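Visitor: protein-v5.cif is reproduced in full below (mmCIF, C-alpha atoms).
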data_upload
loop_
_atom_site.group_PDB
_atom_site.id
_atom_site.type_symbol
_atom_site.label_atom_id
_atom_site.label_comp_id
_atom_site.auth_asym_id
_atom_site.auth_seq_id
_atom_site.Cartn_x
_atom_site.Cartn_y
_atom_site.Cartn_z
ATOM 1 C CA MET A 1 -15.724 -24.839 -16.303
ATOM 2 C CA THR A 2 -12.124 -25.398 -17.365
ATOM 3 C CA GLU A 3 -9.436 -25.293 -14.711
ATOM 4 C CA ALA A 4 -7.184 -22.250 -14.567
ATOM 5 C CA PHE A 5 -3.456 -22.706 -15.064
ATOM 6 C CA ILE A 6 -0.910 -20.646 -13.157
ATOM 7 C CA SER A 7 2.515 -19.734 -14.538
ATOM 8 C CA ILE A 8 5.308 -20.650 -12.141
ATOM 9 C CA GLY A 9 8.320 -20.175 -14.416
ATOM 10 C CA GLU A 10 9.589 -18.923 -17.766
ATOM 11 C CA ILE A 11 12.190 -20.714 -19.873
ATOM 12 C CA VAL A 12 14.871 -18.120 -20.585
ATOM 13 C CA ASN A 13 17.678 -20.204 -22.074
ATOM 14 C CA THR A 14 19.216 -23.607 -22.590
ATOM 15 C CA GLN A 15 21.648 -25.138 -20.101
ATOM 16 C CA GLY A 16 24.300 -27.492 -21.439
ATOM 17 C CA ARG A 17 24.064 -29.883 -24.381
ATOM 18 C CA GLN A 18 21.762 -32.537 -22.946
ATOM 19 C CA GLY A 19 18.526 -30.545 -23.412
ATOM 20 C CA ALA A 20 18.177 -28.902 -19.997
ATOM 21 C CA VAL A 21 16.629 -25.442 -19.783
ATOM 22 C CA ARG A 22 17.214 -22.474 -17.508
ATOM 23 C CA VAL A 23 13.975 -21.356 -15.851
ATOM 24 C CA LEU A 24 13.304 -18.020 -14.208
ATOM 25 C CA PRO A 25 10.919 -18.819 -11.324
ATOM 26 C CA LEU A 26 7.720 -16.757 -11.284
ATOM 27 C CA THR A 27 6.795 -18.040 -7.859
ATOM 28 C CA ASP A 28 7.634 -17.255 -4.253
ATOM 29 C CA PHE A 29 8.313 -20.985 -3.878
ATOM 30 C CA PRO A 30 11.123 -21.829 -6.356
ATOM 31 C CA GLU A 31 11.863 -25.014 -4.410
ATOM 32 C CA ARG A 32 8.524 -26.366 -5.659
ATOM 33 C CA PHE A 33 10.158 -27.430 -8.947
ATOM 34 C CA ARG A 34 11.926 -30.237 -7.025
ATOM 35 C CA ASP A 35 8.567 -31.606 -5.863
ATOM 36 C CA LEU A 36 6.968 -31.672 -9.321
ATOM 37 C CA GLN A 37 6.965 -34.768 -11.497
ATOM 38 C CA ALA A 38 5.481 -32.951 -14.495
ATOM 39 C CA VAL A 39 4.628 -29.442 -15.582
ATOM 40 C CA TYR A 40 2.665 -27.909 -18.445
ATOM 41 C CA LEU A 41 4.590 -26.028 -21.118
ATOM 42 C CA ALA A 42 2.499 -23.132 -22.462
ATOM 43 C CA ARG A 43 3.312 -21.297 -25.668
ATOM 44 C CA GLY A 44 1.220 -19.632 -28.367
ATOM 45 C CA GLY A 45 -2.105 -20.676 -26.871
ATOM 46 C CA GLU A 46 -1.072 -24.333 -26.710
ATOM 47 C CA ARG A 47 -0.211 -26.370 -23.635
ATOM 48 C CA ARG A 48 1.519 -29.744 -23.344
ATOM 49 C CA LEU A 49 2.575 -31.847 -20.396
ATOM 50 C CA LEU A 50 6.304 -32.499 -19.902
ATOM 51 C CA GLN A 51 7.810 -34.988 -17.453
ATOM 52 C CA ILE A 52 10.532 -33.619 -15.183
ATOM 53 C CA GLU A 53 13.643 -35.780 -15.106
ATOM 54 C CA LYS A 54 15.943 -33.630 -12.953
ATOM 55 C CA VAL A 55 16.002 -30.233 -11.230
ATOM 56 C CA THR A 56 19.018 -28.302 -9.979
ATOM 57 C CA TYR A 57 19.474 -24.654 -9.081
ATOM 58 C CA HIS A 58 22.034 -22.153 -10.354
ATOM 59 C CA LYS A 59 21.984 -18.580 -9.040
ATOM 60 C CA GLN A 60 18.368 -17.360 -9.326
ATOM 61 C CA PHE A 61 17.426 -20.021 -11.895
ATOM 62 C CA ALA A 62 16.012 -23.522 -11.741
ATOM 63 C CA VAL A 63 17.716 -25.796 -14.257
ATOM 64 C CA ILE A 64 15.243 -28.411 -15.465
ATOM 65 C CA LYS A 65 15.783 -31.458 -17.639
ATOM 66 C CA PHE A 66 12.611 -32.843 -19.240
ATOM 67 C CA ARG A 67 12.370 -36.481 -20.376
ATOM 68 C CA GLU A 68 10.918 -35.423 -23.733
ATOM 69 C CA ILE A 69 13.750 -32.967 -24.555
ATOM 70 C CA SER A 70 16.966 -34.787 -25.466
ATOM 71 C CA ASP A 71 19.297 -32.146 -26.889
ATOM 72 C CA MET A 72 20.158 -28.458 -26.968
ATOM 73 C CA THR A 73 18.411 -27.923 -30.326
ATOM 74 C CA ALA A 74 15.084 -29.146 -28.938
ATOM 75 C CA ALA A 75 15.619 -27.131 -25.745
ATOM 76 C CA GLU A 76 16.338 -23.993 -27.800
ATOM 77 C CA ARG A 77 12.792 -24.149 -29.239
ATOM 78 C CA LEU A 78 11.349 -23.859 -25.722
ATOM 79 C CA LYS A 79 12.798 -20.410 -25.015
ATOM 80 C CA GLY A 80 10.123 -17.944 -23.939
ATOM 81 C CA ALA A 81 7.609 -20.653 -23.014
ATOM 82 C CA LEU A 82 5.895 -20.596 -19.635
ATOM 83 C CA LEU A 83 5.802 -23.471 -17.181
ATOM 84 C CA GLN A 84 2.379 -23.849 -15.625
ATOM 85 C CA VAL A 85 0.534 -25.900 -13.045
ATOM 86 C CA PRO A 86 -3.213 -26.332 -12.564
ATOM 87 C CA GLY A 87 -4.695 -23.964 -9.989
ATOM 88 C CA SER A 88 -5.461 -26.981 -7.812
ATOM 89 C CA ASP A 89 -1.689 -27.555 -7.420
ATOM 90 C CA LEU A 90 -0.957 -24.148 -5.878
ATOM 91 C CA VAL A 91 0.970 -24.009 -2.622
ATOM 92 C CA PRO A 92 -1.478 -22.996 0.133
ATOM 93 C CA LEU A 93 -0.742 -19.572 1.606
ATOM 94 C CA PRO A 94 -1.084 -18.549 5.253
ATOM 95 C CA ASP A 95 -4.096 -16.447 6.259
ATOM 96 C CA GLY A 96 -3.768 -12.837 5.151
ATOM 97 C CA HIS A 97 -1.484 -13.681 2.204
ATOM 98 C CA TYR A 98 -2.661 -13.723 -1.393
ATOM 99 C CA TYR A 99 -1.431 -14.672 -4.818
ATOM 100 C CA ILE A 100 -0.869 -11.721 -7.144
ATOM 101 C CA PHE A 101 -3.361 -13.101 -9.668
ATOM 102 C CA ASP A 102 -6.004 -13.055 -6.893
ATOM 103 C CA ILE A 103 -5.377 -9.360 -6.184
ATOM 104 C CA VAL A 104 -5.247 -8.085 -9.781
ATOM 105 C CA GLY A 105 -8.730 -7.129 -10.933
ATOM 106 C CA ILE A 106 -10.376 -6.470 -7.578
ATOM 107 C CA ASP A 107 -12.109 -3.179 -6.787
ATOM 108 C CA VAL A 108 -10.586 -0.834 -4.220
ATOM 109 C CA TYR A 109 -12.726 1.233 -1.851
ATOM 110 C CA THR A 110 -12.093 3.598 1.055
ATOM 111 C CA LEU A 111 -13.616 2.852 4.478
ATOM 112 C CA GLU A 112 -16.278 5.428 3.583
ATOM 113 C CA GLY A 113 -17.263 3.408 0.509
ATOM 114 C CA GLU A 114 -15.669 5.619 -2.179
ATOM 115 C CA HIS A 115 -14.612 3.566 -5.208
ATOM 116 C CA LEU A 116 -10.954 4.325 -5.959
ATOM 117 C CA GLY A 117 -10.492 2.008 -8.930
ATOM 118 C CA VAL A 118 -9.304 -1.476 -9.857
ATOM 119 C CA VAL A 119 -5.975 -3.154 -9.040
ATOM 120 C CA ARG A 120 -4.123 -3.547 -12.356
ATOM 121 C CA ASP A 121 -0.688 -4.652 -11.143
ATOM 122 C CA VAL A 122 1.308 -5.560 -8.045
ATOM 123 C CA LEU A 123 4.809 -4.121 -7.833
ATOM 124 C CA ARG A 124 7.342 -6.174 -5.852
ATOM 125 C CA THR A 125 9.561 -3.566 -4.192
ATOM 126 C CA GLY A 126 11.373 -5.712 -1.656
ATOM 127 C CA ALA A 127 10.195 -3.866 1.449
ATOM 128 C CA ASN A 128 6.493 -4.344 0.700
ATOM 129 C CA ASP A 129 4.337 -4.836 -2.351
ATOM 130 C CA VAL A 130 2.612 -1.840 -3.936
ATOM 131 C CA TYR A 131 -0.789 -2.138 -5.598
ATOM 132 C CA THR A 132 -1.192 -0.138 -8.810
ATOM 133 C CA VAL A 133 -4.825 0.974 -8.928
ATOM 134 C CA GLN A 134 -6.344 2.314 -12.140
ATOM 135 C CA THR A 135 -8.656 5.127 -11.048
ATOM 136 C CA PRO A 136 -11.886 6.046 -12.872
ATOM 137 C CA GLY A 137 -10.106 9.218 -14.045
ATOM 138 C CA GLY A 138 -7.390 7.122 -15.657
ATOM 139 C CA ARG A 139 -4.530 8.078 -13.359
ATOM 140 C CA PRO A 140 -2.751 5.287 -11.512
ATOM 141 C CA LEU A 141 -2.844 5.333 -7.725
ATOM 142 C CA LEU A 142 -0.041 3.514 -5.880
ATOM 143 C CA ILE A 143 -1.182 1.913 -2.634
ATOM 144 C CA PRO A 144 1.372 0.305 -0.301
ATOM 145 C CA ALA A 145 0.401 -3.215 0.751
ATOM 146 C CA LEU A 146 0.675 -2.505 4.469
ATOM 147 C CA LYS A 147 -1.752 -3.581 7.200
ATOM 148 C CA ALA A 148 -2.113 0.064 8.263
ATOM 149 C CA VAL A 149 -3.317 0.924 4.738
ATOM 150 C CA VAL A 150 -5.067 -2.211 3.452
ATOM 151 C CA ARG A 151 -7.743 -2.986 6.018
ATOM 152 C CA GLU A 152 -9.530 -5.834 4.265
ATOM 153 C CA ILE A 153 -9.256 -8.015 1.194
ATOM 154 C CA ASN A 154 -12.329 -10.040 0.335
ATOM 155 C CA LEU A 155 -11.638 -12.241 -2.676
ATOM 156 C CA GLU A 156 -15.196 -13.607 -2.766
ATOM 157 C CA SER A 157 -16.683 -10.142 -3.268
ATOM 158 C CA GLY A 158 -13.682 -8.872 -5.268
ATOM 159 C CA ARG A 159 -13.226 -5.964 -2.889
ATOM 160 C CA MET A 160 -10.305 -4.341 -1.082
ATOM 161 C CA THR A 161 -10.875 -1.706 1.596
ATOM 162 C CA VAL A 162 -8.111 0.817 2.283
ATOM 163 C CA VAL A 163 -7.278 3.839 4.412
ATOM 164 C CA LEU A 164 -5.145 6.130 2.296
ATOM 165 C CA PRO A 165 -2.189 7.785 4.050
ATOM 166 C CA GLU A 166 -2.167 11.571 4.159
ATOM 167 C CA GLY A 167 -0.807 12.983 0.894
ATOM 168 C CA LEU A 168 -1.369 9.860 -1.178
ATOM 169 C CA ARG A 169 -4.331 11.385 -2.998
ATOM 170 C CA GLU A 170 -4.356 14.589 -4.980
#
What is this structure when it is put down as structure tokens?
Guide:
Amino acid sequence: MTEAFISIGEIVNTQGRQGAVRVLPLTDFPERFRDLQAVYLARGGERRLLQIEKVTYHKQFAVIKFREISDMTAAERLKGALLQVPGSDLVPLPDGHYYIFDIVGIDVYTLEGEHLGVVRDVLRTGANDVYTVQTPGGRPLLIPALKAVVREINLESGRMTVVLPEGLRE
């Protein structure tokens, strides 16, 4: 089985003339870029390893200089590429916390065993996440990621059990 790679950032622009790039972090741990010595650059179905020379931060971006990229022209070609790490390099989460990619695709059931659908997306609202569930009828169901609503998440069985608040269903 091949190891899964997880996207932790997207190159959105160049930064300066020396070949640095501006990276939008796609992780809850943007400081992790400082701890990395290398990262995989993924684009168009291809992946290559780049060595990190220097990392700084500017506003919401990580500014990364790779050893292999020496000028702005070379950096320009990296725009839109994703920065990835092997799944084995993920930052461990505390109990009861999950990565979004672990939640997307699991089946959602009520306490009574009624199948509500499959999680298709996780919306980051600031206050709490919201799970977008695709119902068998095709309509999306928005479920707040609150302990009072989400009673259990079992990644091994691919199952989430919820208690829907009054008025959430038709």
Visitor: Which segment 57-91 of chain A residues have any atom within 9 Å of an atom of segment 14-33 of chain A, and for each, what is the nearest pair of atoms with distance in Å to one decimal, counting all atoms listed in the file, rows sorted by chain and number, as a Markdown table?
Guide:
| residue | atom | partner | partner_atom | distance |
| --- | --- | --- | --- | --- |
| A:Tyr57 | CA | A:Glu31 | CA | 8.9 |
| A:His58 | CA | A:Arg22 | CA | 8.6 |
| A:Gln60 | CA | A:Leu24 | CA | 7.1 |
| A:Phe61 | CA | A:Leu24 | CA | 5.1 |
| A:Ala62 | CA | A:Val23 | CA | 5.1 |
| A:Val63 | CA | A:Arg22 | CA | 4.7 |
| A:Ile64 | CA | A:Val21 | CA | 5.4 |
| A:Lys65 | CA | A:Ala20 | CA | 4.2 |
| A:Phe66 | CA | A:Ala20 | CA | 6.9 |
| A:Ile69 | CA | A:Gly19 | CA | 5.5 |
| A:Ser70 | CA | A:Gly19 | CA | 5.0 |
| A:Asp71 | CA | A:Gly19 | CA | 3.9 |
| A:Met72 | CA | A:Gly19 | CA | 4.4 |
| A:Thr73 | CA | A:Gly19 | CA | 7.4 |
| A:Ala74 | CA | A:Gly19 | CA | 6.7 |
| A:Ala75 | CA | A:Gly19 | CA | 5.1 |
| A:Glu76 | CA | A:Thr14 | CA | 6.0 |
| A:Leu78 | CA | A:Val21 | CA | 8.1 |
| A:Lys79 | CA | A:Thr14 | CA | 7.6 |
| A:Leu82 | CA | A:Val23 | CA | 9.0 |
| A:Leu83 | CA | A:Val23 | CA | 8.5 |
| A:Val91 | CA | A:Phe29 | CA | 8.0 |
Visitor: Which polymer residues have any atom within 10 Å of an atom of Val118 of chain A, counting all atoms listed in the file, with same-chain residues fewer than 6 positions away left out, as a PDB file with C-alpha atoms, keeping the file's coordinate frame?
Guide:
ATOM      1  CA  ILE A 103      -5.377  -9.360  -6.184  1.00  0.00           C
ATOM      2  CA  VAL A 104      -5.247  -8.085  -9.781  1.00  0.00           C
ATOM      3  CA  GLY A 105      -8.730  -7.129 -10.933  1.00  0.00           C
ATOM      4  CA  ILE A 106     -10.376  -6.470  -7.578  1.00  0.00           C
ATOM      5  CA  ASP A 107     -12.109  -3.179  -6.787  1.00  0.00           C
ATOM      6  CA  VAL A 108     -10.586  -0.834  -4.220  1.00  0.00           C
ATOM      7  CA  TYR A 109     -12.726   1.233  -1.851  1.00  0.00           C
ATOM      8  CA  TYR A 131      -0.789  -2.138  -5.598  1.00  0.00           C
ATOM      9  CA  THR A 132      -1.192  -0.138  -8.810  1.00  0.00           C
ATOM     10  CA  VAL A 133      -4.825   0.974  -8.928  1.00  0.00           C
ATOM     11  CA  GLN A 134      -6.344   2.314 -12.140  1.00  0.00           C
ATOM     12  CA  THR A 135      -8.656   5.127 -11.048  1.00  0.00           C
ATOM     13  CA  PRO A 136     -11.886   6.046 -12.872  1.00  0.00           C
ATOM     14  CA  PRO A 140      -2.751   5.287 -11.512  1.00  0.00           C
ATOM     15  CA  LEU A 141      -2.844   5.333  -7.725  1.00  0.00           C
ATOM     16  CA  GLY A 158     -13.682  -8.872  -5.268  1.00  0.00           C
ATOM     17  CA  ARG A 159     -13.226  -5.964  -2.889  1.00  0.00           C
ATOM     18  CA  MET A 160     -10.305  -4.341  -1.082  1.00  0.00           C
TER      19      MET A 160
END
Visitor: Rounded to one decimal in Å, what is the spacing between atom CA of Val150 of chain A and atom CA of Gly117 of chain A?
Guide: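 The value is 14.2 Å.
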Visitor: Can you list, as a PyMOL selection string, every protein, DNA or RNA residue that comes within 6 Å of Phe5 of chain A when you count only C-alpha atoms, leaving out same-chain residues fewer than 6 positions away?
Guide: chain A and resi 84-87
Visitor: Which neighbours of Gly96 of chain A fall inside 12 Å, counting all atoms listed in the file, when residues of the same chain fewer than 2 positions from it are skipped, and could you give them as a PyMOL selection string?
Guide: chain A and resi 92-94+98-99+103+145-147+150-155
Visitor: Could you tell me how far atom CA of Gly126 of chain A sits from atom CA of Leu36 of chain A, in Å to one decimal place?
Guide: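 Taking atom CA of Leu36 of chain A and atom CA of Gly126 of chain A, their separation equals 27.4 Å.
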Visitor: Kindly give the distance, in Å, that separates atom CA of His97 of chain A and atom CA of Arg120 of chain A, rounded to a single decimal.
Guide: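 Atom CA of His97 of chain A sits 17.9 Å away from atom CA of Arg120 of chain A.
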Visitor: Identify all residues satisfying the PyMOL selection byres ((chain A and resi 49) around 10) in the given file; provide them as a list in words.
Guide: Ala38, Val39, Tyr40, Leu41, Ala42, Arg47, Arg48, Leu50, Gln51, Ile52, Glu68, Leu83, Gln84 and Val85 of chain A
Visitor: Print the selection's residues with C-alpha atoms to a file, as a PDB file, in the frame of the given file.
Guide:
ATOM      1  CA  ALA A  38       5.481 -32.951 -14.495  1.00  0.00           C
ATOM      2  CA  VAL A  39       4.628 -29.442 -15.582  1.00  0.00           C
ATOM      3  CA  TYR A  40       2.665 -27.909 -18.445  1.00  0.00           C
ATOM      4  CA  LEU A  41       4.590 -26.028 -21.118  1.00  0.00           C
ATOM      5  CA  ALA A  42       2.499 -23.132 -22.462  1.00  0.00           C
ATOM      6  CA  ARG A  47      -0.211 -26.370 -23.635  1.00  0.00           C
ATOM      7  CA  ARG A  48       1.519 -29.744 -23.344  1.00  0.00           C
ATOM      8  CA  LEU A  50       6.304 -32.499 -19.902  1.00  0.00           C
ATOM      9  CA  GLN A  51       7.810 -34.988 -17.453  1.00  0.00           C
ATOM     10  CA  ILE A  52      10.532 -33.619 -15.183  1.00  0.00           C
ATOM     11  CA  GLU A  68      10.918 -35.423 -23.733  1.00  0.00           C
ATOM     12  CA  LEU A  83       5.802 -23.471 -17.181  1.00  0.00           C
ATOM     13  CA  GLN A  84       2.379 -23.849 -15.625  1.00  0.00           C
ATOM     14  CA  VAL A  85       0.534 -25.900 -13.045  1.00  0.00           C
TER      15      VAL A  85
END
Visitor: Using all atoms listed in the file, which of A:Arg43, A:Ile6, A:Asp35, A:Leu116 sits nearest Val55 of chain A?
Guide: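 The shortest atom-to-atom distance to Val55 of chain A comes from A:Asp35.
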Visitor: Given only C-alpha atoms as the basis, pick out the residue of A:Gly44, A:Asn13, A:Glu53, A:Val162 nearest to Glu112 of chain A.
Guide: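 Between A:Gly44, A:Asn13, A:Glu53, A:Val162, the residue approaching Glu112 of chain A most closely is A:Val162.
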Visitor: Selection in question (the file shown): the PyMOL selection byres ((chain A and resi 143) around 6). Which residues does it include, as a VMD selection string?
Guide: chain A and resid 130 to 131 142 144
Visitor: With all atoms of segment 81-95 of chain A from the file as input, state the centre and edge lengths in Å to one decimal of the axis-aligned box that has 4 Å extra on each side, as lines of an AutoDock Vina configuration file.
Guide:
center_x = 1.1
center_y = -22.0
center_z = -8.4
size_x = 21.1
size_y = 19.1
size_z = 37.3
Visitor: Which residue out of A:Ile100, A:Thr110, A:Gly80, A:Ser157 has the minimum interatomic distance to Glu10 of chain A when all atoms listed in the file are used?
Guide: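 The shortest atom-to-atom distance to Glu10 of chain A comes from A:Gly80.
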